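Have a look at final.cif; it's mmCIF, C-alpha atoms:
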data_start
#
loop_
_atom_site.group_PDB
_atom_site.id
_atom_site.type_symbol
_atom_site.label_atom_id
_atom_site.label_comp_id
_atom_site.auth_asym_id
_atom_site.auth_seq_id
_atom_site.Cartn_x
_atom_site.Cartn_y
_atom_site.Cartn_z
ATOM 1 C CA MET F 23 16.196 2.889 17.989
ATOM 2 C CA GLN F 24 13.565 4.886 19.870
ATOM 3 C CA ARG F 25 12.540 8.190 18.306
ATOM 4 C CA SER F 26 11.191 11.148 20.224
ATOM 5 C CA SER F 27 8.040 11.423 18.148
ATOM 6 C CA VAL F 28 6.250 10.316 14.997
ATOM 7 C CA GLY F 29 3.520 12.105 13.098
ATOM 8 C CA ILE F 30 0.909 10.285 11.001
ATOM 9 C CA ILE F 31 -1.341 12.176 8.606
ATOM 10 C CA GLY F 32 -4.256 9.954 7.591
ATOM 11 C CA LEU F 33 -5.576 7.575 10.229
ATOM 12 C CA GLY F 34 -7.183 4.821 8.193
ATOM 13 C CA LEU F 35 -6.214 1.156 8.182
ATOM 14 C CA ILE F 36 -2.542 1.747 7.316
ATOM 15 C CA GLY F 37 -1.881 4.884 9.349
ATOM 16 C CA GLY F 38 -3.834 3.595 12.341
ATOM 17 C CA SER F 39 -2.076 0.238 12.281
ATOM 18 C CA MET F 40 1.331 1.929 12.101
ATOM 19 C CA GLY F 41 0.555 4.061 15.122
ATOM 20 C CA LYS F 42 -0.650 1.104 17.167
ATOM 21 C CA ARG F 43 2.409 -0.976 16.337
ATOM 22 C CA LEU F 44 4.952 1.771 17.023
ATOM 23 C CA LEU F 45 3.433 2.530 20.418
ATOM 24 C CA GLN F 46 2.941 -1.084 21.437
ATOM 25 C CA CYS F 47 6.482 -2.160 20.525
ATOM 26 C CA GLY F 48 7.981 0.856 22.295
ATOM 27 C CA TRP F 49 9.705 2.302 19.236
ATOM 28 C CA THR F 50 8.302 5.673 20.247
ATOM 29 C CA LYS F 51 6.311 7.051 23.144
ATOM 30 C CA ASN F 52 4.569 9.744 21.129
ATOM 31 C CA VAL F 53 2.538 9.415 17.946
ATOM 32 C CA LEU F 54 0.865 12.600 16.802
ATOM 33 C CA GLY F 55 -2.024 12.106 14.406
ATOM 34 C CA TRP F 56 -4.406 13.962 12.128
ATOM 35 C CA ASP F 57 -7.229 13.056 9.806
ATOM 36 C CA ARG F 58 -9.648 15.380 8.083
ATOM 37 C CA ASP F 59 -12.475 13.384 9.690
ATOM 38 C CA GLU F 60 -12.625 14.451 13.350
ATOM 39 C CA HIS F 61 -14.548 11.293 14.245
ATOM 40 C CA VAL F 62 -11.639 9.212 12.939
ATOM 41 C CA VAL F 63 -9.192 11.207 15.059
ATOM 42 C CA GLY F 64 -11.333 10.479 18.113
ATOM 43 C CA ARG F 65 -11.421 6.767 17.298
ATOM 44 C CA ALA F 66 -7.643 6.750 16.818
ATOM 45 C CA LEU F 67 -7.124 8.320 20.243
ATOM 46 C CA ALA F 68 -9.566 5.953 21.922
ATOM 47 C CA SER F 69 -8.043 2.851 20.311
ATOM 48 C CA GLY F 70 -4.428 3.711 21.115
ATOM 49 C CA ALA F 71 -3.320 4.405 17.557
ATOM 50 C CA ILE F 72 -2.096 7.901 18.464
ATOM 51 C CA THR F 73 -1.262 9.714 21.687
ATOM 52 C CA GLU F 74 -2.221 13.213 20.614
ATOM 53 C CA ALA F 75 -4.229 14.945 17.901
ATOM 54 C CA CYS F 76 -2.229 17.574 16.029
ATOM 55 C CA ARG F 77 -2.747 19.626 12.890
ATOM 56 C CA PRO F 78 -0.315 18.893 10.020
ATOM 57 C CA GLU F 79 1.354 22.322 10.068
ATOM 58 C CA GLU F 80 2.129 21.945 13.777
ATOM 59 C CA MET F 81 3.091 18.306 13.369
ATOM 60 C CA ALA F 82 5.854 19.208 10.908
ATOM 61 C CA GLN F 83 7.422 21.328 13.648
ATOM 62 C CA GLU F 84 7.214 18.666 16.362
ATOM 63 C CA VAL F 85 8.224 15.281 14.961
ATOM 64 C CA ASP F 86 11.352 13.475 13.799
ATOM 65 C CA LEU F 87 9.452 11.319 11.310
ATOM 66 C CA LEU F 88 6.379 12.289 9.304
ATOM 67 C CA ILE F 89 4.257 9.584 7.648
ATOM 68 C CA LEU F 90 1.813 10.507 4.886
ATOM 69 C CA ALA F 91 -0.919 7.855 4.958
ATOM 70 C CA THR F 92 -3.687 9.723 3.130
ATOM 71 C CA PRO F 93 -5.035 8.723 -0.286
ATOM 72 C CA PRO F 94 -2.204 9.414 -2.785
ATOM 73 C CA SER F 95 -4.242 12.075 -4.591
ATOM 74 C CA GLN F 96 -4.043 14.255 -1.455
ATOM 75 C CA MET F 97 -0.330 13.898 -0.704
ATOM 76 C CA VAL F 98 1.166 16.518 -3.007
ATOM 77 C CA ASN F 99 -1.187 19.371 -2.085
ATOM 78 C CA LEU F 100 -0.894 18.461 1.572
ATOM 79 C CA SER F 101 2.904 18.451 1.372
ATOM 80 C CA GLN F 102 3.012 21.799 -0.421
ATOM 81 C CA ARG F 103 0.967 23.258 2.407
ATOM 82 C CA ILE F 104 2.947 21.928 5.336
ATOM 83 C CA ALA F 105 6.551 21.661 4.059
ATOM 84 C CA PRO F 106 7.250 25.382 4.651
ATOM 85 C CA CYS F 107 6.329 24.834 8.322
ATOM 86 C CA ALA F 108 8.837 22.009 8.867
ATOM 87 C CA ASP F 109 11.369 22.411 11.650
ATOM 88 C CA GLU F 110 15.005 21.290 11.433
ATOM 89 C CA LYS F 111 14.043 18.518 13.838
ATOM 90 C CA LEU F 112 12.183 16.734 11.041
ATOM 91 C CA LYS F 113 14.598 14.122 9.696
ATOM 92 C CA ALA F 114 12.443 12.051 7.339
ATOM 93 C CA VAL F 115 9.145 12.167 5.474
ATOM 94 C CA THR F 116 7.681 9.036 3.975
ATOM 95 C CA ASP F 117 4.438 7.977 2.311
ATOM 96 C CA THR F 118 2.472 4.737 2.137
ATOM 97 C CA ALA F 119 1.139 5.046 -1.424
ATOM 98 C CA SER F 120 0.937 1.887 -3.525
ATOM 99 C CA THR F 121 2.461 3.602 -6.581
ATOM 100 C CA LYS F 122 5.735 5.431 -6.483
ATOM 101 C CA HIS F 123 7.206 6.580 -9.812
ATOM 102 C CA SER F 124 5.257 9.770 -10.465
ATOM 103 C CA LEU F 125 4.390 10.526 -6.834
ATOM 104 C CA SER F 126 7.940 10.176 -5.519
ATOM 105 C CA ARG F 127 9.209 12.693 -8.087
ATOM 106 C CA GLU F 128 6.718 15.289 -6.875
ATOM 107 C CA LEU F 129 7.217 14.610 -3.179
ATOM 108 C CA SER F 130 10.994 14.642 -3.590
ATOM 109 C CA VAL F 131 10.849 18.135 -5.075
ATOM 110 C CA ILE F 132 8.833 19.335 -2.085
ATOM 111 C CA TRP F 133 10.627 17.542 0.770
ATOM 112 C CA LYS F 134 14.066 17.219 -0.895
ATOM 113 C CA GLU F 135 16.562 15.101 1.085
ATOM 114 C CA ARG F 136 14.020 14.280 3.800
ATOM 115 C CA TYR F 137 11.808 12.207 1.509
ATOM 116 C CA VAL F 138 11.966 8.434 0.996
ATOM 117 C CA GLY F 139 9.040 6.306 -0.193
ATOM 118 C CA LEU F 140 7.531 3.247 1.463
ATOM 119 C CA HIS F 141 4.930 0.727 0.382
ATOM 120 C CA PRO F 142 3.950 -1.901 2.974
ATOM 121 C CA MET F 143 2.639 -4.991 1.189
ATOM 122 C CA ALA F 144 -0.118 -5.618 3.696
ATOM 123 C CA GLY F 145 -3.784 -4.814 4.057
ATOM 124 C CA LYS F 146 -7.246 -6.079 4.880
ATOM 125 C CA GLU F 147 -10.504 -6.560 3.050
ATOM 126 C CA LYS F 148 -12.025 -3.686 5.014
ATOM 127 C CA GLY F 149 -10.251 -0.416 5.708
ATOM 128 C CA GLY F 150 -10.689 2.327 8.267
ATOM 129 C CA ILE F 151 -9.410 3.025 11.770
ATOM 130 C CA ASP F 152 -11.781 0.473 13.308
ATOM 131 C CA ASN F 153 -9.990 -2.306 11.406
ATOM 132 C CA ALA F 154 -6.478 -1.121 12.273
ATOM 133 C CA SER F 155 -4.295 -3.622 14.140
ATOM 134 C CA ALA F 156 -0.752 -3.580 15.487
ATOM 135 C CA ASP F 157 0.118 -6.877 13.776
ATOM 136 C CA LEU F 158 -1.008 -5.858 10.270
ATOM 137 C CA PHE F 159 2.552 -5.608 8.944
ATOM 138 C CA ALA F 160 4.065 -8.567 10.800
ATOM 139 C CA GLY F 161 6.160 -10.657 8.418
ATOM 140 C CA ALA F 162 5.211 -8.597 5.368
ATOM 141 C CA VAL F 163 7.575 -7.127 2.804
ATOM 142 C CA CYS F 164 7.757 -3.347 2.704
ATOM 143 C CA ALA F 165 9.213 -1.615 -0.344
ATOM 144 C CA LEU F 166 11.821 1.007 0.521
ATOM 145 C CA VAL F 167 12.015 3.460 -2.369
ATOM 146 C CA PRO F 168 14.677 6.160 -1.992
ATOM 147 C CA THR F 169 15.157 8.914 -4.547
ATOM 148 C CA ALA F 170 18.409 10.373 -5.842
ATOM 149 C CA SER F 171 18.148 13.153 -3.272
ATOM 150 C CA SER F 172 17.166 11.036 -0.243
ATOM 151 C CA SER F 173 19.651 11.525 2.577
ATOM 152 C CA ASN F 174 21.300 8.549 4.250
ATOM 153 C CA LYS F 175 19.697 9.677 7.494
ATOM 154 C CA ALA F 176 16.207 9.585 5.951
ATOM 155 C CA VAL F 177 16.782 6.166 4.371
ATOM 156 C CA GLU F 178 18.095 4.663 7.597
ATOM 157 C CA LEU F 179 15.205 6.098 9.597
ATOM 158 C CA ALA F 180 12.697 4.713 7.080
ATOM 159 C CA LYS F 181 14.392 1.313 7.209
ATOM 160 C CA ASP F 182 14.325 1.439 11.003
ATOM 161 C CA LEU F 183 10.599 2.210 10.825
ATOM 162 C CA ILE F 184 9.946 -0.792 8.574
ATOM 163 C CA CYS F 185 11.739 -3.122 10.975
ATOM 164 C CA ALA F 186 9.836 -1.643 13.937
ATOM 165 C CA LEU F 187 6.596 -2.474 12.135
ATOM 166 C CA GLY F 188 7.711 -6.099 11.980
ATOM 167 C CA SER F 189 8.218 -5.991 8.212
ATOM 168 C CA HIS F 190 11.123 -6.768 5.902
ATOM 169 C CA PRO F 191 12.605 -3.888 3.853
ATOM 170 C CA VAL F 192 13.324 -4.476 0.165
ATOM 171 C CA ILE F 193 15.010 -1.590 -1.644
ATOM 172 C CA VAL F 194 13.767 -0.947 -5.192
ATOM 173 C CA SER F 195 13.648 1.964 -7.606
ATOM 174 C CA SER F 196 10.318 3.718 -8.091
ATOM 175 C CA GLU F 197 9.954 2.455 -11.674
ATOM 176 C CA GLU F 198 10.825 -1.132 -10.773
ATOM 177 C CA HIS F 199 8.371 -0.960 -7.885
ATOM 178 C CA ASP F 200 5.499 0.196 -10.076
ATOM 179 C CA GLU F 201 6.189 -2.404 -12.763
ATOM 180 C CA ILE F 202 6.245 -5.209 -10.204
ATOM 181 C CA VAL F 203 3.144 -4.218 -8.232
ATOM 182 C CA ALA F 204 1.187 -3.705 -11.450
ATOM 183 C CA VAL F 205 1.188 -7.524 -11.652
ATOM 184 C CA THR F 206 1.237 -8.572 -8.001
ATOM 185 C CA SER F 207 -1.085 -5.949 -6.484
ATOM 186 C CA HIS F 208 -2.878 -3.738 -9.002
ATOM 187 C CA LEU F 209 -3.910 -6.313 -11.618
ATOM 188 C CA PRO F 210 -5.562 -8.488 -8.921
ATOM 189 C CA MET F 211 -7.707 -5.484 -7.952
ATOM 190 C CA PHE F 212 -8.818 -5.006 -11.556
ATOM 191 C CA LEU F 213 -9.526 -8.720 -12.053
ATOM 192 C CA ALA F 214 -11.461 -8.952 -8.774
ATOM 193 C CA THR F 215 -13.466 -5.846 -9.634
ATOM 194 C CA ALA F 216 -14.280 -7.144 -13.117
ATOM 195 C CA LEU F 217 -15.360 -10.547 -11.790
ATOM 196 C CA ALA F 218 -17.539 -8.965 -9.094
ATOM 197 C CA ALA F 219 -19.156 -6.735 -11.736
ATOM 198 C CA LEU F 220 -19.776 -9.726 -14.025
ATOM 199 C CA ALA F 221 -21.331 -11.739 -11.206
ATOM 200 C CA GLY F 222 -23.520 -8.780 -10.273
ATOM 201 C CA THR F 223 -24.793 -8.515 -13.832
ATOM 202 C CA ARG F 224 -25.466 -12.236 -14.042
ATOM 203 C CA ALA F 225 -27.218 -12.214 -10.655
ATOM 204 C CA SER F 226 -29.752 -9.732 -12.000
ATOM 205 C CA GLN F 227 -30.585 -12.320 -14.673
ATOM 206 C CA GLN F 228 -30.223 -15.498 -12.594
ATOM 207 C CA GLU F 229 -31.746 -15.111 -9.140
ATOM 208 C CA GLU F 230 -30.240 -18.362 -7.832
ATOM 209 C CA LEU F 231 -26.663 -17.213 -8.515
ATOM 210 C CA PRO F 232 -25.966 -15.736 -5.041
ATOM 211 C CA LYS F 233 -26.677 -19.116 -3.461
ATOM 212 C CA PHE F 234 -23.706 -20.544 -5.354
ATOM 213 C CA VAL F 235 -21.189 -17.953 -4.165
ATOM 214 C CA ALA F 236 -18.617 -20.025 -2.259
ATOM 215 C CA GLY F 237 -14.966 -19.910 -1.224
ATOM 216 C CA GLY F 238 -13.493 -19.640 -4.694
ATOM 217 C CA PHE F 239 -15.540 -16.552 -5.512
ATOM 218 C CA ARG F 240 -14.919 -14.974 -2.104
ATOM 219 C CA ASP F 241 -11.150 -15.528 -2.304
ATOM 220 C CA THR F 242 -10.851 -14.352 -5.892
ATOM 221 C CA THR F 243 -12.921 -11.193 -5.414
ATOM 222 C CA ARG F 244 -11.733 -10.244 -1.910
ATOM 223 C CA VAL F 245 -9.768 -7.186 -3.019
ATOM 224 C CA ALA F 246 -12.819 -5.856 -4.882
ATOM 225 C CA SER F 247 -13.945 -4.759 -1.411
ATOM 226 C CA CYS F 248 -11.069 -2.267 -1.209
ATOM 227 C CA PRO F 249 -11.995 1.454 -1.084
ATOM 228 C CA PRO F 250 -13.105 2.486 -4.601
ATOM 229 C CA TRP F 251 -10.752 5.487 -4.552
ATOM 230 C CA LEU F 252 -7.808 3.098 -4.322
ATOM 231 C CA ILE F 253 -8.389 1.470 -7.705
ATOM 232 C CA ALA F 254 -8.929 4.904 -9.272
ATOM 233 C CA ASP F 255 -5.716 6.239 -7.727
ATOM 234 C CA VAL F 256 -3.516 3.353 -8.837
ATOM 235 C CA TRP F 257 -4.922 3.661 -12.362
ATOM 236 C CA GLU F 258 -4.184 7.377 -12.451
ATOM 237 C CA THR F 259 -0.599 6.956 -11.259
ATOM 238 C CA ASN F 260 0.376 3.588 -12.791
ATOM 239 C CA LYS F 261 -1.755 3.337 -15.916
ATOM 240 C CA GLY F 262 1.087 2.356 -18.241
ATOM 241 C CA PHE F 263 2.259 -0.695 -16.333
ATOM 242 C CA ILE F 264 -1.279 -1.776 -15.403
ATOM 243 C CA SER F 265 -2.427 -1.507 -19.029
ATOM 244 C CA GLN F 266 0.430 -3.759 -20.126
ATOM 245 C CA ALA F 267 -0.360 -6.272 -17.376
ATOM 246 C CA ILE F 268 -4.033 -6.349 -18.426
ATOM 247 C CA LYS F 269 -3.034 -6.890 -22.066
ATOM 248 C CA ASP F 270 -0.654 -9.725 -21.173
ATOM 249 C CA PHE F 271 -3.319 -11.342 -18.989
ATOM 250 C CA MET F 272 -5.953 -11.123 -21.724
ATOM 251 C CA ASP F 273 -3.477 -12.694 -24.159
ATOM 252 C CA ILE F 274 -3.035 -15.624 -21.771
ATOM 253 C CA LEU F 275 -6.805 -16.048 -21.387
ATOM 254 C CA SER F 276 -7.172 -15.970 -25.156
ATOM 255 C CA GLU F 277 -4.581 -18.702 -25.536
ATOM 256 C CA MET F 278 -6.243 -20.803 -22.826
ATOM 257 C CA SER F 279 -9.593 -20.535 -24.613
ATOM 258 C CA LYS F 280 -8.034 -22.197 -27.677
ATOM 259 C CA MET F 281 -6.416 -25.123 -25.839
ATOM 260 C CA ASP F 282 -7.684 -28.671 -25.915
ATOM 261 C CA PRO F 283 -8.048 -30.489 -22.564
ATOM 262 C CA LYS F 284 -4.555 -32.031 -22.670
ATOM 263 C CA GLU F 285 -2.921 -28.679 -23.410
ATOM 264 C CA LEU F 286 -4.947 -27.019 -20.681
ATOM 265 C CA LEU F 287 -3.967 -29.733 -18.186
ATOM 266 C CA LYS F 288 -0.275 -29.089 -18.867
ATOM 267 C CA PHE F 289 -0.752 -25.328 -18.730
ATOM 268 C CA ALA F 290 -2.614 -25.540 -15.397
ATOM 269 C CA ALA F 291 0.091 -27.801 -13.948
ATOM 270 C CA ASN F 292 2.787 -25.294 -14.939
ATOM 271 C CA ALA F 293 0.742 -22.428 -13.472
ATOM 272 C CA LYS F 294 0.361 -24.318 -10.191
ATOM 273 C CA GLU F 295 4.129 -24.873 -10.062
ATOM 274 C CA SER F 296 4.697 -21.183 -10.743
ATOM 275 C CA ARG F 297 2.401 -20.140 -7.901
ATOM 276 C CA ASP F 298 3.980 -22.588 -5.460
ATOM 277 C CA ALA F 299 7.473 -21.387 -6.431
ATOM 278 C CA LEU F 300 6.572 -17.706 -6.113
ATOM 279 C CA LEU F 301 5.118 -18.189 -2.643
ATOM 280 C CA ALA F 302 8.125 -20.252 -1.569
ATOM 281 C CA GLN F 303 10.544 -17.597 -2.872
ATOM 282 C CA ARG F 304 8.577 -14.932 -1.033
ATOM 283 C CA GLY F 305 9.157 -16.829 2.203
ATOM 284 C CA GLU F 306 12.862 -17.117 1.439
ATOM 285 C CA THR F 307 13.035 -13.389 0.736
ATOM 286 C CA ASN F 308 11.388 -12.633 4.078
ATOM 287 C CA ASP F 309 13.893 -14.861 5.862
ATOM 288 C CA ARG F 310 16.855 -13.179 4.161
ATOM 289 C CA ASN F 311 15.673 -9.678 4.991
#

Output the file's structure in the form of structure tokens.
Amino acid sequence: MQRSSVGIIGLGLIGGSMGKRLLQCGWTKNVLGWDRDEHVVGRALASGAITEACRPEEMAQEVDLLILATPPSQMVNLSQRIAPCADEKLKAVTDTASTKHSLSRELSVIWKERYVGLHPMAGKEKGGIDNASADLFAGAVCALVPTASSSNKAVELAKDLICALGSHPVIVSSEEHDEIVAVTSHLPMFLATALAALAGTRASQQEELPKFVAGGFRDTTRVASCPPWLIADVWETNKGFISQAIKDFMDILSEMSKMDPKELLKFAANAKESRDALLAQRGETNDRN
């Protein structure tokens, strides 16, 4: 369904990619955009991610759908500032934050029935508007996280948005979402960051180490190149579930360190089967949705 207009606040990788996709697929003809960096706004206009620059307070009066794509730490204050300006035309407000439980409670109080959370499970090693692409979300799962007060209209519009992005909506509660992504998304960031830090320390002691950085290291530490604020934000808003995931992971490493070669061979074989099964089930989930 084509909407009259969409507003995106925050024109980085996620916000910029959303704008490009929605315009290219024809879901809307107008994407209003704002970022606190004027240079980014200019790049978004030049690259076709938005059709018009617009301040948030004005945007809330002009659009049917408002997307908050700023760092999560900015979303509440931003919403408190612009919510009083919202026109009746505004049907839904959503966010792209990678944690939902605490943030969705606060945003729901501010936006009431208009609010429904999203979390697209897609990204790139490097962020920013210059890395935005219309196909970023193609085939990806996107969490759809309604609250108790979310209106049916807001939920349906958010689901329609997800499908327009080329993604597959999966409805989950905010708590279930945060517990799941603590393992599948947040823990990998912490592990990659820790490994990159360890390698950096060792490289200062062993000057030949960088020459031995190959595919395994690059693949394992890829998400350590994410914006540093992201790892700080997910820790602040999902510390409980991430702490438990780290503890469980360290327990597994401890057990592995005590295994003899035969035990480790069996353990590694089971882990390989688990990975293969998880990836296969992910594909089945995408097909079903």

Using all atoms listed in the file, pick whichever of F:Ala216, F:Leu129, F:Lys261, F:Ile151 has the shortest atom-to-atom distance to Glu60 (chain F).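 Among F:Ala216, F:Leu129, F:Lys261, F:Ile151, it is F:Ile151 that comes nearest to Glu60 (chain F).
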
For CA of Pro78 (chain F) and CA of Pro106 (chain F), determine how far apart the two atoms are, in Å to one decimal place.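 Atom-to-atom, CA of Pro78 (chain F) to CA of Pro106 (chain F), that is 11.3 Å.
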
Using all atoms listed in the file, pick whichever of F:Cys76, F:Ala221, F:Val62, F:Ala254 has the shortest atom-to-atom distance to Gly150 (chain F).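 Ranked by minimum distance to Gly150 (chain F), first place goes to F:Val62.
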
When the PyMOL selection byres ((chain F and resi 232-246) around 8) is applied to the structure above, which residues does it catch, written out as a VMD selection string? chain F and resid 147 210 to 215 217 to 218 225 229 to 231 247 to 248

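Closest approach to Gln96 (chain F) among F:Val131, F:Leu125, F:Ala75, F:Val115: F:Leu125, based on only C-alpha atoms.
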
What is the distance between CA of Arg127 (chain F) and CA of Pro142 (chain F), in Å to one decimal? 19.1 Å

Given the PyMOL selection byres ((chain F and resi 185) around 12) and the file above, list the residues it selects as an MDAnalysis selection string. chainID F and resid 23 40 43:44 47 49 142 159:166 178:184 186:192 308 311

Quick one: residues within 12 Å of Asp57 (chain F), only C-alpha atoms counted, chain neighbours fewer than 4 positions away excluded, as a short mmCIF file (atom, residue, chain, number, x, y, z; two decimals) with C-alpha atoms, keeping the file's coordinate frame?
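Below is the file that was written, out-v3.cif:
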data_model
loop_
_atom_site.label_atom_id
_atom_site.label_comp_id
_atom_site.auth_asym_id
_atom_site.auth_seq_id
_atom_site.Cartn_x
_atom_site.Cartn_y
_atom_site.Cartn_z
CA GLY F 29 3.52 12.10 13.10
CA ILE F 30 0.91 10.28 11.00
CA ILE F 31 -1.34 12.18 8.61
CA GLY F 32 -4.26 9.95 7.59
CA LEU F 33 -5.58 7.58 10.23
CA GLY F 34 -7.18 4.82 8.19
CA GLY F 37 -1.88 4.88 9.35
CA GLY F 38 -3.83 3.60 12.34
CA HIS F 61 -14.55 11.29 14.24
CA VAL F 62 -11.64 9.21 12.94
CA VAL F 63 -9.19 11.21 15.06
CA GLY F 64 -11.33 10.48 18.11
CA ARG F 65 -11.42 6.77 17.30
CA ALA F 66 -7.64 6.75 16.82
CA LEU F 67 -7.12 8.32 20.24
CA ILE F 72 -2.10 7.90 18.46
CA GLU F 74 -2.22 13.21 20.61
CA ALA F 75 -4.23 14.94 17.90
CA CYS F 76 -2.23 17.57 16.03
CA ARG F 77 -2.75 19.63 12.89
CA PRO F 78 -0.32 18.89 10.02
CA LEU F 90 1.81 10.51 4.89
CA ALA F 91 -0.92 7.86 4.96
CA THR F 92 -3.69 9.72 3.13
CA PRO F 93 -5.04 8.72 -0.29
CA GLN F 96 -4.04 14.26 -1.46
CA LEU F 100 -0.89 18.46 1.57
CA GLY F 150 -10.69 2.33 8.27
CA ILE F 151 -9.41 3.02 11.77
#

Residues of region 141-227 of chain F within 9 Å of region 119-123 of chain F: nearest atom pair and distance (Å, one decimal) for each, counting all atoms listed in the file, sorted by chain and number, as JSON lines?
{"residue": "F:His141", "atom": "CA", "partner": "F:Ser120", "partner_atom": "CA", "distance": 5.7}
{"residue": "F:Pro142", "atom": "CA", "partner": "F:Ser120", "partner_atom": "CA", "distance": 8.1}
{"residue": "F:Met143", "atom": "CA", "partner": "F:Ser120", "partner_atom": "CA", "distance": 8.5}
{"residue": "F:Val167", "atom": "CA", "partner": "F:Lys122", "partner_atom": "CA", "distance": 7.8}
{"residue": "F:Ser195", "atom": "CA", "partner": "F:His123", "partner_atom": "CA", "distance": 8.2}
{"residue": "F:Ser196", "atom": "CA", "partner": "F:His123", "partner_atom": "CA", "distance": 4.6}
{"residue": "F:Glu197", "atom": "CA", "partner": "F:His123", "partner_atom": "CA", "distance": 5.3}
{"residue": "F:Glu198", "atom": "CA", "partner": "F:His123", "partner_atom": "CA", "distance": 8.6}
{"residue": "F:His199", "atom": "CA", "partner": "F:Lys122", "partner_atom": "CA", "distance": 7.1}
{"residue": "F:Asp200", "atom": "CA", "partner": "F:Thr121", "partner_atom": "CA", "distance": 5.7}
{"residue": "F:Val203", "atom": "CA", "partner": "F:Ser120", "partner_atom": "CA", "distance": 8.0}
{"residue": "F:Ala204", "atom": "CA", "partner": "F:Thr121", "partner_atom": "CA", "distance": 8.9}
{"residue": "F:Ser207", "atom": "CA", "partner": "F:Ser120", "partner_atom": "CA", "distance": 8.6}
{"residue": "F:His208", "atom": "CA", "partner": "F:Ser120", "partner_atom": "CA", "distance": 8.7}

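The space separating CA of Ala267 (chain F) from CA of Leu209 (chain F) comes to 6.8 Å.
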
Please list as a list of chain:residue names every residue within 9 Å of Trp133 (chain F), counting only C-alpha atoms and excluding residues in the same chain fewer than 6 positions away.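 That gives F:Ser101, F:Gln102, F:Ala105, F:Ala114, F:Val115.
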
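Distances to Ile89 (chain F) were evaluated for F:Ile132, F:Leu35, F:Val28, F:Leu301 using all atoms listed in the file, and the minimum falls at F:Val28.
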
Edge lengths and centre in Å to one decimal, as AutoDock Vina command-line options, of the axis-aligned box that encloses all listed atoms of region 218-226 of chain F with 6 Å added on every side?
--center_x -23.6 --center_y -9.5 --center_z -11.6 --size_x 24.2 --size_y 17.5 --size_z 16.9

Let me make sure I understand: among F:Lys111, F:Lys288, F:Arg103, F:Arg297, which one has the smallest atom-to-atom distance to Leu88 (chain F) if we use only C-alpha atoms? F:Lys111

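Distance check against Ser124 (chain F) using only C-alpha atoms: of F:Asp298, F:Asp270, F:Glu258, F:Glu277, the minimum falls on F:Glu258.
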
At most 7 Å from (15.2, 14.4, 1.9), file frame, only C-alpha atoms: which residues, as a ChimeraX atom specification? /F:114,130,133-138,171-173,176

Please produce an output containing C-alpha atoms for each residue in the selection, written as a PDB file, keeping the file's coordinate frame.
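Here's the written file selection_8.pdb:
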ATOM      1  CA  ALA F 114      12.443  12.051   7.339  1.00  0.00           C
ATOM      2  CA  SER F 130      10.994  14.642  -3.590  1.00  0.00           C
ATOM      3  CA  TRP F 133      10.627  17.542   0.770  1.00  0.00           C
ATOM      4  CA  LYS F 134      14.066  17.219  -0.895  1.00  0.00           C
ATOM      5  CA  GLU F 135      16.562  15.101   1.085  1.00  0.00           C
ATOM      6  CA  ARG F 136      14.020  14.280   3.800  1.00  0.00           C
ATOM      7  CA  TYR F 137      11.808  12.207   1.509  1.00  0.00           C
ATOM      8  CA  VAL F 138      11.966   8.434   0.996  1.00  0.00           C
ATOM      9  CA  SER F 171      18.148  13.153  -3.272  1.00  0.00           C
ATOM     10  CA  SER F 172      17.166  11.036  -0.243  1.00  0.00           C
ATOM     11  CA  SER F 173      19.651  11.525   2.577  1.00  0.00           C
ATOM     12  CA  ALA F 176      16.207   9.585   5.951  1.00  0.00           C
TER      13      ALA F 176
END

Long-range neighbours of Lys42 (chain F) as a PyMOL selection string, 7 Å cut-off, all atoms listed in the file, 6 positions minimum in chain: chain F and resi 70-71+155-156

Given the PyMOL selection byres ((chain F and resi 85) around 6), the residues it picks as a PDB file with C-alpha atoms, in the coordinates of the input:
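File result-v7.pdb, as written:
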ATOM      1  CA  SER F  27       8.040  11.423  18.148  1.00  0.00           C
ATOM      2  CA  VAL F  28       6.250  10.316  14.997  1.00  0.00           C
ATOM      3  CA  GLY F  29       3.520  12.105  13.098  1.00  0.00           C
ATOM      4  CA  GLU F  84       7.214  18.666  16.362  1.00  0.00           C
ATOM      5  CA  ASP F  86      11.352  13.475  13.799  1.00  0.00           C
ATOM      6  CA  LEU F  87       9.452  11.319  11.310  1.00  0.00           C
ATOM      7  CA  LEU F 112      12.183  16.734  11.041  1.00  0.00           C
TER       8      LEU F 112
END
